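Here's the structure we're looking at; comments come further down.
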Amino acid sequence: MAKKKEAVPAVVDSVETLEAKMKAMREAQKVFATYTQEQVDKIFYEAALAANKMRIPLAKQAVEETGRGIVEDKVIKNHYAAEYIYNAYKNTKTCGVIEEDAAFGIKKIAEPIGLVAAVIPTTNPTSTAIFKTLICLKTRNAIIISPHPSAKASTIAAAKIVLDAAVKAGAPEGIIGWIDVPSLELTNMVMKEADITLATGGPGMVKAAYSSGKPALGVGAGNTPVIIDDTADIKMAVSSIIHSKTFDNGMICASEQTVTVLDSIYDEVKKEFAYRGCYFLKKGEELDKVRKTIIINGALNNKIPGKSAYEIAKLAGVEVPEDTKILIGEVESVDISEEFAHEKLSPVLGMYRAKTYDEALAKAEQLVADGGYGHTASLYVHPAEKEKIAKHAAAMKTCRILINTPSSHGGIGDLYNFKLAPSLTLGCGSWGGNSVSENVGVKHLINIKTVAERRENMLWFRTPEKVYFKKGCMPVALDELGTVMKKKKAFIVTDSFLYKNGYVAPIEEKLDEMGIQHTCFYEVAPDPTLQCAQKGTDQMKQFEPDTIIALGGGSAMDAAKIMWVMYEHPEANFEDMAMDFMDIRKRVYTFPKMGEKAYFVAIPTSSGTGSEVTPFAIITDADTGVKWPIADYELLPNMAIVDVDNMMTQPKGLTSASGIDVMTHAIEAYVSIMATDYTDGLAMKAVKNVFEYLPSAYKNGANDPKAREMMANASCMAGMAFANAFLGLNHSMAHKLGAFHHLPHGVANAVVLTEVIRYNAAEVPTKMGTFSQYEYPHALARYAELGRFAGCQGKDDQEVLDSFIAKLEDLKEKIGIKKTIKDYGIDEKYFLDTLDDMVEQAFNDQCTGANPRYPLMKEIKEIYLKCYYGK
């Protein structure tokens with residue numbers, strides 16, 4: 001037997017009938033939620049049309065029922081609520097996909113909120129009902145209306161007109177509902193049971209809406225202060241204020257409540273108000289009578305809103321002409337104790353005199369604070385007075401700031417301005433205790449689902465614009481500075497060893513040959529300092545080079561890069577430049593543009609750092625001991641010259657440490673979460689070169705020029721790989737071993753290398769690295785690929801990994817790398833004392849973020865301990 005459909009109550013006058021009504025409306029809304037944009041737009045159009053056609057009868061009914069306002073003005077309000085709202089939102093998407101960007105994988109889908117509770121005030125009973133029902137229809141929401149008891153007939157009449165037209169156009173029956181016999185109990189119930197409340201009314205009602213336990217879009221009280229500056233068009237200002245303040249007898253909450261006039265034009269403004277039909281209350285008895293009539297016990301007399309100036313004066317026992325437009329009280333205090341400083345919702349205006357513009361601003365600020373926070377403020381001023389307009393906007397804690405505009409019409413939007421959304425619910429933001437700070441519209445009545453598909457970041461491969469290589473290439477490459485670029489002055493940066501041992505001479509000879517002036521700074525120490533770089537920069541500024549040539553290992557390159565920055569941008573802040581980043585493209589700090597003054601040439605003399613092709617530099621502040629790691633692609637040299645003739649005499653220790661550093665660069669770049677096809681090939685070839693040629697380069701030095709050259713190539717290739725794919729935990733840990741225990745960088749990398757590989761290769765790591773390109777833990781497979789390319793074999797990836805690690809350990813032994821950290825004479829107690837600090841700093845190192853396994857600090861600690869003691 002079919003379930004009997006529950007009857008929808010014809011009259012809602014009790015908790016039971018309201019419950020039944022809301023239940024039926026929710027069912028109607030479920031159906032409405034399935035409608036297409038085309039169906040909704042048809043309903044929206046027909047409903048707006050119907051409301052517009054009935055604007056005059058509804059206006060008459062509202063004034064007749066409430067005894068407030070002016071029929072002709074309520075016609076405008078009804079017309080506005082139908083026509084302007086329809087026009088504003090007729091083309092707005094509110095159904096289904098409302099925004100999509102396929103490239104970024106983002107799709108936004110609009111969904112209705114559900115059942116909206118609408119509290120309608122007695123001041124605008126029909127226009128507000130039209131406005132709220134229309135925006136609910138446009139957004140596929142059901143709306144249950146709680147009218148003000150003194151305006152229930154006209155409010156319900158307006159809602160019924162919209163409902164009948166909507167249903168006729170295809171909307172579900174009962175999509176708009178109302179309480180027939182309103183009460184505080186039923187109003188509180190709809191606010192509590194609906195999905196959201198649109199609350200328009202007094203402060204008590206708005207507070208109740210926000211206290212209902214459901215989301216609310218309420219509006220704060222208006223106490224709009226107006227300033228008439230001495231540059232204003234007085235006739236326009238006065239006429240606009242009268243036009244606004246008398247509109248529906250001042251019942252729009254954005255209407256002017258006080259006007260502050262600059263002293264120099266005060267009399268002229270007063271004369272204009274009087275000429276235009278306003279009445280200035282005589283100081284003394286008349287002023288006091290009106291004071292005590294408009295505000296009683298600190299609150300607005302509810303007999304005042306929407307009454308004419310004549311009626312209010314009569315109620316106060318003051319005789320004024322029947323056609324009086326506004327009652328104006330000239331007062332001095334802006335304190336809340338002054339009745340004229342309150343919101344009055346009627347054609348009653350307080351008027352103040354100010355000696356200066358700043359005094360006028362101060363008065364307006366206080367008036368806003370006394371009861372209009374967040375609502376509206378108004379200024380009449382010459383449009384060219386941009387500074388005054390800006391000063392006013394900065395001072396007013398209101399969400400609508402109107403310039404040369406009647407505030408009633410201006411505040412509701414779209415009549416005297418563009419792009420201020422038309423609305424009869426004006427949000428006041430947190431200043432007014434509201435959840436929105438703008439004019440409420442359809443966007444506030446939809447939930448937006450954002451469908452975000454996984455996307456991989458755009459990647460890049462960035463290198464110096466020119467990389468020259470091959471034994472003996474340096475003079476040919478340098479020739480370009482003179483013959484092609486026409487450079488005039490070159491500043492060489494190197495260290496004292498290279499300078500004294502003749503490495504700079506071939507460069508100077510070539511520069512002389514081309515007629516390029518040059519000077520040399522050769523005071524770079526192995527761990528370059530900011531003070532050293534500053535000294536070099538001072539010389540550079542005096543010399544004013546158009547070319548900087550860095551000759552040496554990583555230290556000379558780093559120092560030269562820092563000098564380059566300070567030369568081109570003396571304002572640069574190293575603390576900001578050294579700020580860590582998760583993604584170099586999204587870093588907070590914007591690195592200054594480089595190369596405006598000088599072209600940067602990097603010439604390495606060791607096969608290790610790859611600094612000639614990387615965007616990195618490290619500098620130490622000797623005064624504080626702080627190391628500044630600087631990373632940005634602006635630091636990429638413009639030209640790199642990799643000539644093995646400059647590397648032939650590297651000592652064994654340097655060959656060993658720098659060679660294993662190259663291996664670490666290549667391995668870490670290959671397993672980095674940012675590795676790409678473009679970096680992989682370079683990393684793989686670098687690994688193979690190091691395995692094949694480092695032992696001979698270490699053992700035979702200059703006697704095996706091919707081994708030297710292959711290591712030079714490996715260093716540069718690994719540099720380009722990690723310049724784009726970045727490094728990992730191995731380098732993070734090595735950096736701290738160097739900082740705390742002064743292990744040479746390459747050695748520090750070597751003693752943790754195989755342990756970090758084992759750690760990263762875990763198929764079930766605690767956490768994996770965070771980067772959209774990195775889909776799942778696959779470091780084991782990546783290490784195995786490297787191993788196979790380097791000649792390692794095994795039945796599976798794990799066996800190949802074991803073989804790869806064994807081959808690395810064998811390489812380390814051949815080039816004199818000791819087994820453990822302890823073997824390098826690092827004191828055990830001091831190591832353990834510094835361990836926790838090393839762990840935290842290694843975790844926080846810039847390199848850690850690209851590691852394939854995201855390390856926990858306790859895991860880093862365990863690796864350090866294993867590497868200190870050995871297995």
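In the structure tokens, chains take the letters A, B, ... in the order shown, each chain's residues start at 1, and ligands count up from 1 in the order shown.
Look at Ala88 in chain A: the protein and nucleic acid residues within 12 Å of it, using only C-alpha atoms and passing over chain neighbours fewer than 4 places away, are Phe44, Tyr45, Ala48, Tyr80, Ala81, Ala82, Glu83, Tyr84, Thr92, Lys93, Phe131, Leu134, Ile135, Lys138, Gly413, Asp414, Leu415, Phe418, Lys419, Leu420, Ala421, Pro422, Ser423, Gly441, Val442 and Lys443 of chain A.
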(message) Please report the interatomic distance between CA of Ser437 in chain A and CA of Phe32 in chain A in Å with one decimal.
(response) 29.1 Å
(request) Could you find all residues in range 58-121 of chain A that DSSP calls strand (DSSP E) from the backbone, and write them as a PyMOL selection string? (result) chain A and resi 96-101+106-112+115-119
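Put simply, CA of Asn689 in chain A is 11.5 Å away from CA of Cys716 in chain A.
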(request) Extract, using only C-alpha atoms, all DNA, RNA and protein residues at most 9 Å from range 10-12 of chain A, discarding same-chain residues fewer than 6 positions from it, and format them as a PyMOL selection string. (result) chain A and resi 18+20-21+178-182
(message) Excluding range 490-492 of chain A and its own-chain neighbours fewer than 5 positions away, which residues fall within 10 Å of it when counting only C-alpha atoms? Please give them as an MDAnalysis selection string.
(response) chainID A and resid 481 504 507:508 511 516:522 536 539:540 543:551 556 560 598:602
(message) I want to know what sits within 9 Å of Ala364 in chain A, based on only C-alpha atoms, with residues of the same chain fewer than 3 positions away left out; could you give that as a ChimeraX atom specification?
(response) /A:224-227,258-260,334,359-361,367-369,377,395-396
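Atom pair CA of Tyr352 in chain A / CA of Gly329 in chain A: separated by 8.8 Å.
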